[in-house]
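J.: For reference, the structure I am asking about is given below.
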Amino acid sequence: MLKRRDFLRATLVTAGALVVPACGRDPEIINPLDAEPERELTDGSAYFPQSIASGDPRPGSVVLWARVQDGEEDLDLEVEVATDAGFTQRVALDAGQAKVKALARHDHCVKVKVRGLSAGAVYYYRFVYVKGDTGYVSRVGRTKTAPAEEADVKVRFAYVSCQDYIGRFYNPYLALAREELDFFVHLGDYIYETTGDPSFQNTDGRRVVFTDAAGAIALGEGDTAFHAARSLSNYRELYRTYRSDASLQKVHESFPMIATWDDHEFSNDAFGATATYFDDRKDETDVERRKAASQAWFEYQPVDYGDDVEQDPGASLPDNFRIYRDFVFGQHVHLVMTDLRSYRPDHLIPEGAFPGTVVLDHGKLGAELGDVPELAMPYVNDIETYADGIYASALKGAAEAAGYDAAEVTGKISVLAINQIVAGVNEGLPGDMQIPLIDAAESNFFDRGIAYVDLGKFSAHGAIGARYLTIKDTFDIYAAIRYKETQGASEDMMGAEQESWFLDTMEGSKATWKVWGNELCLLPLAVDLGPYSVPEQFKRRFIMNADTWDGFPSKRNELLERLAEVGGVVAITGDIHAFYAGTAGVSGDPSKKIVEFVGGAVSSASFREMLLSQLAGDPVLSAVPGATLLAAGIDGLLTSTATKVNPHLAHANSYAHGYVVIEASGEELVADMRSIDAAEALTDHAENGDALEVGSERFRTLRGESEIYRDVRGAWKRWDPATQKWI
Ligand SMILES: [Fe+2]
């Protein structure tokens, strides 16, 4: 083992003149060869199994993170920051920053916010675990502060999302670590809370097994049983495991991260403290679980904790804990990070809704829309008395068997739902006991309205027709009326406080580009099955995912009106496991729009894979002939020039992993979509990362416009929504 002095000499790369950046308050540089006590130093990376990380860079500060592992006691750490990788030019730190305690009660995670740094400068940092006379040194991390607000500099960063670890590998990070970046943004799903959900996770490969199995939620049955994190121990174990990945560590050691969370940092398709595993079979609100998830996130992520808390990340989780925040990178980039999970309401269509229940009747539609729209469907006015109650008793029995509350079979019930249920009941009845279906000619005289089945809810207690694959035209009417009735509460995605902060920040920004770090796809994504040979009931326009902004269309419209006015707003987005480029516009006035670039998942099952498994898992949709073939060709459906259902969608790749690199200057913002075939995620390419094929598709938008251009063999072509062509 070397003495510290010798160690520093041994790692000394150059003792040349210190390069001090021109702007910002210069940090005090000390010469470590004169200042340090004698201590034995040795490689201690084994004590830092999650390595180190940095995050939340600002012009004068950055947050450094480490976790040290050595028994149950609180442990002593020292922090070293230098302007060179050899640590010959060290930054003088305050005593409170230079020596910190890794507290057992925070899983020995430590965060240090280093202040007084120069703007736009690269720093190197490492942690020393002090044990007796020996200092065990972590790996060296490289980080970079933000440029000064007035600096006229190009900003280059990457963004990522969705890094499922179960059976999958982080190959895109091999490529990302080689990029030249100022920082990277994580848009959520940094962890997945389940240990092997067979509906989307690959349970053959690497996995997580919770030590505290009793503290977790048991899901699935038999061969496909798995757990979802519930206790603090469960969530911490996920971060420990995910962060043990060498490719992910390499990225953290190379760049500071700015992170927000999406649902899986807590629970799939969550809202507030409520999970959705049981699709309304029970109340899944669990405040303690939400707190555990938030605390582990906060302990393990190098996010800023405000100025009032030092070196005690868990203690900084007050009840009003908030993660939405913004960052300025010189004159051209203002990054505004939102939290679209903590404050939002439940999805508009309950997973447990009885398909036959009429939600907008004849009178309501007439009053709200002036007329009953063509797409409204006939319903029976009082199921209890209609046809002497024969349908009521058949429906109640079938509803109960399907897991509904029979009490829901009351009042106005959709004829379509009645006939579907009765057809099912008839299958089990002898010929002479068959219940006649309600005749179409007869029901033409009935009142018409919109029932859950008309919104796409075809079966009991499931996500399809509630959170996924809802029928767009009826859903948009329903959402708009609910929005009005609830004074906006039904779609209050951000919560009032965040929303006013968000709009104030966007509207007050002086930066060329206001980049919205947005978790959920803004671009409307619908498919129109009208022209395809599917049963009549499916010849509709479907929203792919109502857990995203498509499920909150009125609020989206309202925000887009304001953001289009601001100008220079670009949304960068994850969540959906696909690469999309396009413009999100105000419905009815598509000239009011903003540009959005959606980046693919790092490793999670691609959007196309997810769609195929959703179909396979749904009792009704899996039986629709041709459904699988249609889903496999999802990009063709999304960008179809025949149906023109998404003319704003300029690019779609629903079967790739990767990340996006953004380069923003005073004139343009370029997005380079770096993609890897989704099938590669099942192979660990760490040993041959250089051989990995990484695609590049470049898009840009120009100052003063909200148009999208694509690099077509060296020439920039503009997307023309009217012809759906690059011209
Ligand atoms: Fe995800």
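Labeling convention for the structure tokens: chains A, B, ... as they appear, residues from 1 per chain, ligands from 1 in order of appearance.
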Write out, as CSV, each residue of chain A that has an atom at most 8 Å from ligand 1, together with the closest pair of atoms and their distance in Å to one decimal, counting only C-alpha atoms and all ligand atoms, rows going by chain and rising number.
T.:
```
residue,atom,partner,partner_atom_place_in_ligand_line,distance
A:Ser161,CA,ligand 1,1 (Fe),6.8
A:Cys162,CA,ligand 1,1 (Fe),4.1
A:Gln163,CA,ligand 1,1 (Fe),7.2
A:Asp164,CA,ligand 1,1 (Fe),7.5
A:Gly188,CA,ligand 1,1 (Fe),7.3
A:Asp189,CA,ligand 1,1 (Fe),5.1
A:Tyr192,CA,ligand 1,1 (Fe),7.8
A:Asp262,CA,ligand 1,1 (Fe),7.8
A:Asp263,CA,ligand 1,1 (Fe),7.8
A:His264,CA,ligand 1,1 (Fe),7.0
A:Gly574,CA,ligand 1,1 (Fe),7.6
A:Asp575,CA,ligand 1,1 (Fe),4.6
A:Ile576,CA,ligand 1,1 (Fe),6.3
A:His577,CA,ligand 1,1 (Fe),6.4
A:Ala601,CA,ligand 1,1 (Fe),6.9
A:Ser604,CA,ligand 1,1 (Fe),6.3
```
J.: With C-alpha atoms retained, write the just-selected residues as an mmCIF file, in the first residue's frame.
T.:
```
data_model
loop_
_atom_site.group_PDB
_atom_site.id
_atom_site.type_symbol
_atom_site.label_atom_id
_atom_site.label_comp_id
_atom_site.auth_asym_id
_atom_site.auth_seq_id
_atom_site.Cartn_x
_atom_site.Cartn_y
_atom_site.Cartn_z
ATOM 1 C CA SER A 161 -35.316 6.647 -19.928
ATOM 2 C CA CYS A 162 -36.622 3.197 -19.040
ATOM 3 C CA GLN A 163 -33.788 0.922 -18.011
ATOM 4 C CA ASP A 164 -35.370 -2.362 -17.039
ATOM 5 C CA GLY A 188 -37.644 8.201 -15.445
ATOM 6 C CA ASP A 189 -38.043 4.467 -15.055
ATOM 7 C CA TYR A 192 -38.602 -1.024 -12.347
ATOM 8 C CA ASP A 262 -41.765 8.386 -13.867
ATOM 9 C CA ASP A 263 -44.057 5.643 -12.604
ATOM 10 C CA HIS A 264 -41.747 2.666 -12.082
ATOM 11 C CA GLY A 574 -39.193 9.077 -22.572
ATOM 12 C CA ASP A 575 -41.698 6.601 -21.134
ATOM 13 C CA ILE A 576 -43.116 5.013 -24.254
ATOM 14 C CA HIS A 577 -40.080 2.900 -25.284
ATOM 15 C CA ALA A 601 -35.810 2.998 -23.838
ATOM 16 C CA SER A 604 -37.071 -1.951 -21.443
#
```
J.: At a cut-off of 10 Å, using only C-alpha atoms, what residues contact Val137 in chain A? Leave out same-chain residues fewer than 6 positions from it and give the result as a PyMOL selection string.
T.: chain A and resi 41-48+77-80+126-130
J.: Those same residues, written as a compact mmCIF listing (two decimals), in the first residue's frame with all heavy atoms?
T.:
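To be explicit, this is the file written out as out-v3.txt:
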```
# COMPACT_ATOMS: atom_id res chain seq x y z
N LEU A 41 -3.13 5.00 1.42
CA LEU A 41 -4.22 5.04 0.44
C LEU A 41 -4.14 3.82 -0.46
O LEU A 41 -3.06 3.42 -0.87
CB LEU A 41 -4.08 6.27 -0.46
CG LEU A 41 -4.66 7.59 0.00
CD1 LEU A 41 -4.56 8.60 -1.13
CD2 LEU A 41 -6.11 7.44 0.43
N THR A 42 -5.28 3.28 -0.73
CA THR A 42 -5.28 2.13 -1.63
C THR A 42 -6.58 2.09 -2.42
O THR A 42 -7.53 2.81 -2.09
CB THR A 42 -5.10 0.82 -0.82
OG1 THR A 42 -4.94 -0.27 -1.72
CG2 THR A 42 -6.30 0.56 0.08
N ASP A 43 -6.59 1.29 -3.45
CA ASP A 43 -7.80 1.17 -4.26
C ASP A 43 -8.94 0.63 -3.40
O ASP A 43 -8.83 -0.45 -2.81
CB ASP A 43 -7.53 0.22 -5.44
CG ASP A 43 -8.81 -0.08 -6.21
OD1 ASP A 43 -9.74 0.74 -6.14
OD2 ASP A 43 -8.87 -1.13 -6.86
N GLY A 44 -10.00 1.38 -3.32
CA GLY A 44 -11.12 0.96 -2.48
C GLY A 44 -12.39 0.72 -3.26
O GLY A 44 -13.48 0.73 -2.67
N SER A 45 -12.28 0.50 -4.56
CA SER A 45 -13.52 0.43 -5.36
C SER A 45 -14.44 -0.68 -4.87
O SER A 45 -15.66 -0.59 -5.02
CB SER A 45 -13.23 0.31 -6.85
OG SER A 45 -12.27 -0.68 -7.09
N ALA A 46 -13.88 -1.70 -4.23
CA ALA A 46 -14.73 -2.78 -3.71
C ALA A 46 -15.64 -2.28 -2.58
O ALA A 46 -16.70 -2.86 -2.34
CB ALA A 46 -13.87 -3.93 -3.19
N TYR A 47 -15.23 -1.21 -1.90
CA TYR A 47 -16.09 -0.64 -0.86
C TYR A 47 -17.19 0.26 -1.45
O TYR A 47 -18.04 0.76 -0.72
CB TYR A 47 -15.27 0.19 0.14
CG TYR A 47 -14.46 -0.67 1.08
CD1 TYR A 47 -13.07 -0.72 0.98
CD2 TYR A 47 -15.09 -1.40 2.08
CE1 TYR A 47 -12.33 -1.50 1.85
CE2 TYR A 47 -14.36 -2.18 2.96
CZ TYR A 47 -12.97 -2.23 2.84
OH TYR A 47 -12.25 -3.00 3.70
N PHE A 48 -17.11 0.52 -2.75
CA PHE A 48 -18.09 1.38 -3.42
C PHE A 48 -18.76 0.58 -4.54
O PHE A 48 -18.53 0.84 -5.73
CB PHE A 48 -17.39 2.62 -4.01
CG PHE A 48 -16.74 3.52 -2.99
CD1 PHE A 48 -15.42 3.31 -2.58
CD2 PHE A 48 -17.45 4.58 -2.43
CE1 PHE A 48 -14.82 4.15 -1.64
CE2 PHE A 48 -16.86 5.42 -1.50
CZ PHE A 48 -15.53 5.20 -1.09
N LEU A 77 -16.15 9.34 5.40
CA LEU A 77 -15.71 9.53 4.02
C LEU A 77 -15.07 10.90 3.87
O LEU A 77 -15.46 11.85 4.54
CB LEU A 77 -16.91 9.48 3.06
CG LEU A 77 -17.57 8.14 2.75
CD1 LEU A 77 -18.65 8.35 1.71
CD2 LEU A 77 -16.56 7.14 2.26
N GLU A 78 -14.11 10.97 2.98
CA GLU A 78 -13.57 12.26 2.57
C GLU A 78 -13.85 12.46 1.09
O GLU A 78 -13.91 11.49 0.33
CB GLU A 78 -12.06 12.32 2.83
CG GLU A 78 -11.75 12.39 4.32
CD GLU A 78 -10.27 12.37 4.62
OE1 GLU A 78 -9.45 12.34 3.69
OE2 GLU A 78 -9.94 12.39 5.82
N VAL A 79 -14.06 13.70 0.74
CA VAL A 79 -14.38 14.03 -0.65
C VAL A 79 -13.22 14.81 -1.23
O VAL A 79 -12.70 15.73 -0.58
CB VAL A 79 -15.65 14.90 -0.72
CG1 VAL A 79 -16.07 15.13 -2.16
CG2 VAL A 79 -16.78 14.27 0.08
N GLU A 80 -12.82 14.45 -2.41
CA GLU A 80 -11.76 15.21 -3.08
C GLU A 80 -12.24 15.64 -4.46
O GLU A 80 -12.80 14.85 -5.22
CB GLU A 80 -10.51 14.34 -3.22
CG GLU A 80 -9.94 13.93 -1.86
CD GLU A 80 -8.67 13.10 -1.95
OE1 GLU A 80 -8.32 12.64 -3.05
OE2 GLU A 80 -8.04 12.91 -0.90
N ARG A 126 -13.51 12.21 -6.25
CA ARG A 126 -13.46 10.84 -5.74
C ARG A 126 -13.76 10.89 -4.24
O ARG A 126 -13.66 11.94 -3.60
CB ARG A 126 -12.11 10.18 -6.01
CG ARG A 126 -10.95 10.89 -5.33
CD ARG A 126 -9.62 10.33 -5.81
NE ARG A 126 -8.51 11.04 -5.17
CZ ARG A 126 -7.26 10.95 -5.56
NH1 ARG A 126 -6.93 10.19 -6.59
NH2 ARG A 126 -6.32 11.62 -4.92
N PHE A 127 -14.14 9.75 -3.71
CA PHE A 127 -14.42 9.64 -2.29
C PHE A 127 -13.37 8.72 -1.68
O PHE A 127 -12.93 7.76 -2.32
CB PHE A 127 -15.81 9.05 -2.06
CG PHE A 127 -16.93 10.02 -2.35
CD1 PHE A 127 -17.33 10.28 -3.67
CD2 PHE A 127 -17.60 10.67 -1.32
CE1 PHE A 127 -18.36 11.17 -3.95
CE2 PHE A 127 -18.64 11.56 -1.59
CZ PHE A 127 -19.01 11.81 -2.91
N VAL A 128 -12.99 9.04 -0.44
CA VAL A 128 -12.03 8.20 0.27
C VAL A 128 -12.72 7.67 1.52
O VAL A 128 -13.20 8.46 2.35
CB VAL A 128 -10.77 9.00 0.67
CG1 VAL A 128 -9.79 8.10 1.41
CG2 VAL A 128 -10.12 9.62 -0.56
N TYR A 129 -12.82 6.38 1.62
CA TYR A 129 -13.39 5.75 2.82
C TYR A 129 -12.26 5.58 3.83
O TYR A 129 -11.28 4.89 3.58
CB TYR A 129 -14.01 4.40 2.44
CG TYR A 129 -14.34 3.50 3.61
CD1 TYR A 129 -14.86 4.01 4.81
CD2 TYR A 129 -14.13 2.12 3.51
CE1 TYR A 129 -15.15 3.17 5.87
CE2 TYR A 129 -14.43 1.28 4.57
CZ TYR A 129 -14.93 1.80 5.75
OH TYR A 129 -15.21 0.98 6.80
N VAL A 130 -12.42 6.27 4.95
CA VAL A 130 -11.35 6.30 5.95
C VAL A 130 -11.59 5.20 6.97
O VAL A 130 -12.58 5.22 7.71
CB VAL A 130 -11.32 7.68 6.66
CG1 VAL A 130 -10.18 7.72 7.66
CG2 VAL A 130 -11.20 8.79 5.63
```
J.: Could you give me, as a ChimeraX atom specification, the residues within 8 Å of Glu351 in chain A, counting only C-alpha atoms and dropping anything in the same chain fewer than 2 positions from it?
T.: /A:279-280,349,353,460-467
J.: Can those selected residues be exported to a file as an mmCIF file, in the first residue's frame so that it contains C-alpha atoms?
T.:
```
data_model
loop_
_atom_site.group_PDB
_atom_site.id
_atom_site.type_symbol
_atom_site.label_atom_id
_atom_site.label_comp_id
_atom_site.auth_asym_id
_atom_site.auth_seq_id
_atom_site.Cartn_x
_atom_site.Cartn_y
_atom_site.Cartn_z
ATOM 1 C CA ASP A 279 -57.203 -2.868 -11.864
ATOM 2 C CA ASP A 280 -59.766 -1.630 -9.353
ATOM 3 C CA ILE A 349 -61.819 5.444 -17.256
ATOM 4 C CA ALA A 353 -65.853 0.016 -15.028
ATOM 5 C CA ALA A 460 -63.653 -6.767 -16.796
ATOM 6 C CA HIS A 461 -60.960 -5.344 -14.517
ATOM 7 C CA GLY A 462 -58.230 -4.655 -17.011
ATOM 8 C CA ALA A 463 -56.030 -1.860 -18.312
ATOM 9 C CA ILE A 464 -57.233 -2.202 -21.909
ATOM 10 C CA GLY A 465 -59.978 0.285 -22.586
ATOM 11 C CA ALA A 466 -59.044 2.134 -19.398
ATOM 12 C CA ARG A 467 -55.356 3.085 -19.561
#
```
J.: Write out as a list in words which residues come within 9 Å of Ser61 in chain A when counting only C-alpha atoms, dropping same-chain ones fewer than 5 positions away.
T.: Asp56, Lys113, Val114, Arg115, Gly116, Leu117, Ser118, Ala119, Thr145 and Ala146 of chain A
J.: Please identify every residue of range 418-529 of chain A that has at least one atom no farther than 7 Å from an atom of range 375-398 of chain A, counting only C-alpha atoms, and for each give the shortest atom pair and the distance in Å to one decimal, arranged by chain then increasing number, as CSV.
T.:
```
residue,atom,partner,partner_atom,distance
A:Ile421,CA,A:Leu395,CA,6.7
A:Val422,CA,A:Ala394,CA,7.0
A:Val425,CA,A:Ala398,CA,6.9
A:Ser443,CA,A:Pro378,CA,6.1
A:Asn444,CA,A:Pro378,CA,6.9
A:Phe446,CA,A:Pro378,CA,5.5
A:Asp447,CA,A:Pro378,CA,5.5
A:Arg448,CA,A:Pro378,CA,4.1
A:Gly449,CA,A:Ala376,CA,4.7
A:Ile450,CA,A:Ala376,CA,5.4
```
J.: List the spatial neighbours of range 696-704 of chain A as a PDB file with all heavy atoms, in the first residue's frame - criterion: any atom at most 7 Å away, only C-alpha atoms, same-chain residues fewer than 3 positions off excluded.
T.:
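Just written: around-v8.pdb:
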```pdb
ATOM      1  N   GLY A 567     -42.753  30.147 -27.511  1.00  0.00           N
ATOM      2  CA  GLY A 567     -41.773  29.987 -28.594  1.00  0.00           C
ATOM      3  C   GLY A 567     -40.498  29.325 -28.094  1.00  0.00           C
ATOM      4  O   GLY A 567     -40.075  29.542 -26.957  1.00  0.00           O
ATOM      5  N   GLY A 568     -39.897  28.506 -28.956  1.00  0.00           N
ATOM      6  CA  GLY A 568     -38.625  27.860 -28.604  1.00  0.00           C
ATOM      7  C   GLY A 568     -38.759  26.763 -27.567  1.00  0.00           C
ATOM      8  O   GLY A 568     -37.764  26.356 -26.975  1.00  0.00           O
ATOM      9  N   GLU A 667     -28.905  29.195 -32.941  1.00  0.00           N
ATOM     10  CA  GLU A 667     -29.639  29.106 -34.216  1.00  0.00           C
ATOM     11  C   GLU A 667     -30.526  27.871 -34.322  1.00  0.00           C
ATOM     12  O   GLU A 667     -31.596  27.915 -34.902  1.00  0.00           O
ATOM     13  CB  GLU A 667     -28.668  29.073 -35.410  1.00  0.00           C
ATOM     14  CG  GLU A 667     -27.882  30.344 -35.630  1.00  0.00           C
ATOM     15  CD  GLU A 667     -26.743  30.505 -34.640  1.00  0.00           C
ATOM     16  OE1 GLU A 667     -26.015  29.520 -34.408  1.00  0.00           O
ATOM     17  OE2 GLU A 667     -26.603  31.599 -34.061  1.00  0.00           O
ATOM     18  N   GLU A 668     -30.031  26.745 -33.800  1.00  0.00           N
ATOM     19  CA  GLU A 668     -30.760  25.496 -34.031  1.00  0.00           C
ATOM     20  C   GLU A 668     -30.631  24.569 -32.841  1.00  0.00           C
ATOM     21  O   GLU A 668     -29.736  24.707 -32.008  1.00  0.00           O
ATOM     22  CB  GLU A 668     -30.218  24.798 -35.298  1.00  0.00           C
ATOM     23  CG  GLU A 668     -28.740  24.458 -35.162  1.00  0.00           C
ATOM     24  CD  GLU A 668     -28.175  23.662 -36.329  1.00  0.00           C
ATOM     25  OE1 GLU A 668     -28.842  23.576 -37.373  1.00  0.00           O
ATOM     26  OE2 GLU A 668     -27.072  23.115 -36.187  1.00  0.00           O
ATOM     27  N   LEU A 669     -31.555  23.623 -32.811  1.00  0.00           N
ATOM     28  CA  LEU A 669     -31.470  22.542 -31.837  1.00  0.00           C
ATOM     29  C   LEU A 669     -31.526  21.240 -32.635  1.00  0.00           C
ATOM     30  O   LEU A 669     -32.489  21.010 -33.369  1.00  0.00           O
ATOM     31  CB  LEU A 669     -32.619  22.643 -30.829  1.00  0.00           C
ATOM     32  CG  LEU A 669     -32.623  21.586 -29.711  1.00  0.00           C
ATOM     33  CD1 LEU A 669     -33.191  22.179 -28.422  1.00  0.00           C
ATOM     34  CD2 LEU A 669     -33.421  20.334 -30.086  1.00  0.00           C
ATOM     35  N   VAL A 670     -30.457  20.469 -32.523  1.00  0.00           N
ATOM     36  CA  VAL A 670     -30.351  19.219 -33.288  1.00  0.00           C
ATOM     37  C   VAL A 670     -30.533  18.042 -32.342  1.00  0.00           C
ATOM     38  O   VAL A 670     -29.940  18.007 -31.262  1.00  0.00           O
ATOM     39  CB  VAL A 670     -28.988  19.126 -34.007  1.00  0.00           C
ATOM     40  CG1 VAL A 670     -28.855  17.797 -34.759  1.00  0.00           C
ATOM     41  CG2 VAL A 670     -28.797  20.307 -34.961  1.00  0.00           C
ATOM     42  N   ALA A 671     -31.380  17.099 -32.749  1.00  0.00           N
ATOM     43  CA  ALA A 671     -31.601  15.876 -31.963  1.00  0.00           C
ATOM     44  C   ALA A 671     -31.091  14.700 -32.778  1.00  0.00           C
ATOM     45  O   ALA A 671     -31.547  14.475 -33.898  1.00  0.00           O
ATOM     46  CB  ALA A 671     -33.081  15.706 -31.658  1.00  0.00           C
ATOM     47  N   ASP A 672     -30.145  13.978 -32.221  1.00  0.00           N
ATOM     48  CA  ASP A 672     -29.584  12.813 -32.904  1.00  0.00           C
ATOM     49  C   ASP A 672     -30.096  11.565 -32.181  1.00  0.00           C
ATOM     50  O   ASP A 672     -29.732  11.311 -31.032  1.00  0.00           O
ATOM     51  CB  ASP A 672     -28.050  12.897 -32.853  1.00  0.00           C
ATOM     52  CG  ASP A 672     -27.391  11.806 -33.698  1.00  0.00           C
ATOM     53  OD1 ASP A 672     -28.103  10.898 -34.173  1.00  0.00           O
ATOM     54  OD2 ASP A 672     -26.154  11.869 -33.864  1.00  0.00           O
ATOM     55  N   MET A 673     -30.966  10.824 -32.847  1.00  0.00           N
ATOM     56  CA  MET A 673     -31.547   9.628 -32.233  1.00  0.00           C
ATOM     57  C   MET A 673     -30.598   8.459 -32.475  1.00  0.00           C
ATOM     58  O   MET A 673     -30.408   8.031 -33.613  1.00  0.00           O
ATOM     59  CB  MET A 673     -32.927   9.345 -32.814  1.00  0.00           C
ATOM     60  CG  MET A 673     -33.894  10.472 -32.496  1.00  0.00           C
ATOM     61  SD  MET A 673     -35.578  10.082 -32.929  1.00  0.00           S
ATOM     62  CE  MET A 673     -36.422  11.504 -32.207  1.00  0.00           C
ATOM     63  N   ARG A 674     -30.009   7.988 -31.420  1.00  0.00           N
ATOM     64  CA  ARG A 674     -28.988   6.941 -31.504  1.00  0.00           C
ATOM     65  C   ARG A 674     -29.654   5.622 -31.108  1.00  0.00           C
ATOM     66  O   ARG A 674     -30.006   5.420 -29.949  1.00  0.00           O
ATOM     67  CB  ARG A 674     -27.836   7.275 -30.563  1.00  0.00           C
ATOM     68  CG  ARG A 674     -27.331   8.718 -30.707  1.00  0.00           C
ATOM     69  CD  ARG A 674     -26.347   8.903 -31.828  1.00  0.00           C
ATOM     70  NE  ARG A 674     -25.037   8.425 -31.460  1.00  0.00           N
ATOM     71  CZ  ARG A 674     -24.152   7.954 -32.337  1.00  0.00           C
ATOM     72  NH1 ARG A 674     -24.461   7.895 -33.620  1.00  0.00           N
ATOM     73  NH2 ARG A 674     -22.978   7.542 -31.930  1.00  0.00           N
ATOM     74  N   SER A 675     -29.825   4.737 -32.080  1.00  0.00           N
ATOM     75  CA  SER A 675     -30.668   3.568 -31.839  1.00  0.00           C
ATOM     76  C   SER A 675     -29.927   2.251 -31.999  1.00  0.00           C
ATOM     77  O   SER A 675     -28.975   2.142 -32.781  1.00  0.00           O
ATOM     78  CB  SER A 675     -31.866   3.599 -32.801  1.00  0.00           C
ATOM     79  OG  SER A 675     -31.393   3.602 -34.132  1.00  0.00           O
ATOM     80  N   GLU A 707     -40.953  23.997 -36.533  1.00  0.00           N
ATOM     81  CA  GLU A 707     -40.965  22.995 -37.602  1.00  0.00           C
ATOM     82  C   GLU A 707     -39.881  21.957 -37.314  1.00  0.00           C
ATOM     83  O   GLU A 707     -38.925  22.235 -36.609  1.00  0.00           O
ATOM     84  CB  GLU A 707     -40.689  23.650 -38.961  1.00  0.00           C
ATOM     85  CG  GLU A 707     -41.649  24.774 -39.320  1.00  0.00           C
ATOM     86  CD  GLU A 707     -43.096  24.313 -39.487  1.00  0.00           C
ATOM     87  OE1 GLU A 707     -43.300  23.148 -39.866  1.00  0.00           O
ATOM     88  OE2 GLU A 707     -44.013  25.103 -39.207  1.00  0.00           O
ATOM     89  N   ILE A 708     -40.064  20.780 -37.919  1.00  0.00           N
ATOM     90  CA  ILE A 708     -39.071  19.724 -37.760  1.00  0.00           C
ATOM     91  C   ILE A 708     -38.398  19.465 -39.097  1.00  0.00           C
ATOM     92  O   ILE A 708     -39.070  19.383 -40.130  1.00  0.00           O
ATOM     93  CB  ILE A 708     -39.747  18.424 -37.261  1.00  0.00           C
ATOM     94  CG1 ILE A 708     -40.168  18.616 -35.815  1.00  0.00           C
ATOM     95  CG2 ILE A 708     -38.820  17.233 -37.393  1.00  0.00           C
ATOM     96  CD1 ILE A 708     -40.421  17.328 -35.091  1.00  0.00           C
ATOM     97  N   TYR A 709     -37.084  19.354 -39.053  1.00  0.00           N
ATOM     98  CA  TYR A 709     -36.318  19.024 -40.249  1.00  0.00           C
ATOM     99  C   TYR A 709     -35.576  17.731 -39.996  1.00  0.00           C
ATOM    100  O   TYR A 709     -35.211  17.425 -38.866  1.00  0.00           O
ATOM    101  CB  TYR A 709     -35.291  20.126 -40.558  1.00  0.00           C
ATOM    102  CG  TYR A 709     -35.913  21.463 -40.821  1.00  0.00           C
ATOM    103  CD1 TYR A 709     -36.329  22.280 -39.758  1.00  0.00           C
ATOM    104  CD2 TYR A 709     -36.091  21.920 -42.121  1.00  0.00           C
ATOM    105  CE1 TYR A 709     -36.916  23.518 -39.994  1.00  0.00           C
ATOM    106  CE2 TYR A 709     -36.669  23.160 -42.362  1.00  0.00           C
ATOM    107  CZ  TYR A 709     -37.082  23.951 -41.296  1.00  0.00           C
ATOM    108  OH  TYR A 709     -37.662  25.169 -41.538  1.00  0.00           O
ATOM    109  N   ARG A 710     -35.334  17.018 -41.087  1.00  0.00           N
ATOM    110  CA  ARG A 710     -34.596  15.771 -40.959  1.00  0.00           C
ATOM    111  C   ARG A 710     -33.391  15.809 -41.888  1.00  0.00           C
ATOM    112  O   ARG A 710     -33.483  16.318 -43.010  1.00  0.00           O
ATOM    113  CB  ARG A 710     -35.513  14.604 -41.359  1.00  0.00           C
ATOM    114  CG  ARG A 710     -34.818  13.274 -41.283  1.00  0.00           C
ATOM    115  CD  ARG A 710     -35.742  12.169 -41.735  1.00  0.00           C
ATOM    116  NE  ARG A 710     -35.155  10.897 -41.360  1.00  0.00           N
ATOM    117  CZ  ARG A 710     -35.842   9.790 -41.116  1.00  0.00           C
ATOM    118  NH1 ARG A 710     -37.146   9.812 -41.206  1.00  0.00           N
ATOM    119  NH2 ARG A 710     -35.242   8.687 -40.786  1.00  0.00           N
ATOM    120  N   ASP A 711     -32.321  15.267 -41.402  1.00  0.00           N
ATOM    121  CA  ASP A 711     -31.107  15.173 -42.200  1.00  0.00           C
ATOM    122  C   ASP A 711     -31.264  13.995 -43.167  1.00  0.00           C
ATOM    123  O   ASP A 711     -31.201  12.841 -42.755  1.00  0.00           O
ATOM    124  CB  ASP A 711     -29.915  14.963 -41.253  1.00  0.00           C
ATOM    125  CG  ASP A 711     -28.594  14.878 -41.990  1.00  0.00           C
ATOM    126  OD1 ASP A 711     -28.611  14.803 -43.234  1.00  0.00           O
ATOM    127  OD2 ASP A 711     -27.556  14.878 -41.306  1.00  0.00           O
TER     128      ASP A 711
END
```
J.: Could you pull out the residues in range 204-370 of chain A that DSSP calls strand (DSSP E) from the backbone, as a list in words?
T.: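 Selecting the strand (DSSP E) positions of range 204-370 of chain A gives Ile217, Ala218, Leu219, Phe226, His227, Ala228, Met257, Ile258, Ala259, Arg325, Asp326, Phe327, Val328, Phe329, Val333, His334, Leu335, Val336, Met337, Val358, Val359 and Leu360 of chain A.
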J.: Got a sec: who's within 12 Å of Leu503 in chain A, counting only C-alpha atoms, leaving out chain neighbours fewer than 2 positions off, as a ChimeraX atom specification?
T.: /A:326,336-338,494,496-501,505-509,514,516,558-566,569
J.: Which residue out of A:Arg556, A:His362, A:Arg207, A:His334 has the minimum interatomic distance to Leu520 in chain A when only C-alpha atoms are used?
T.: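 Closest candidate: A:Arg556.
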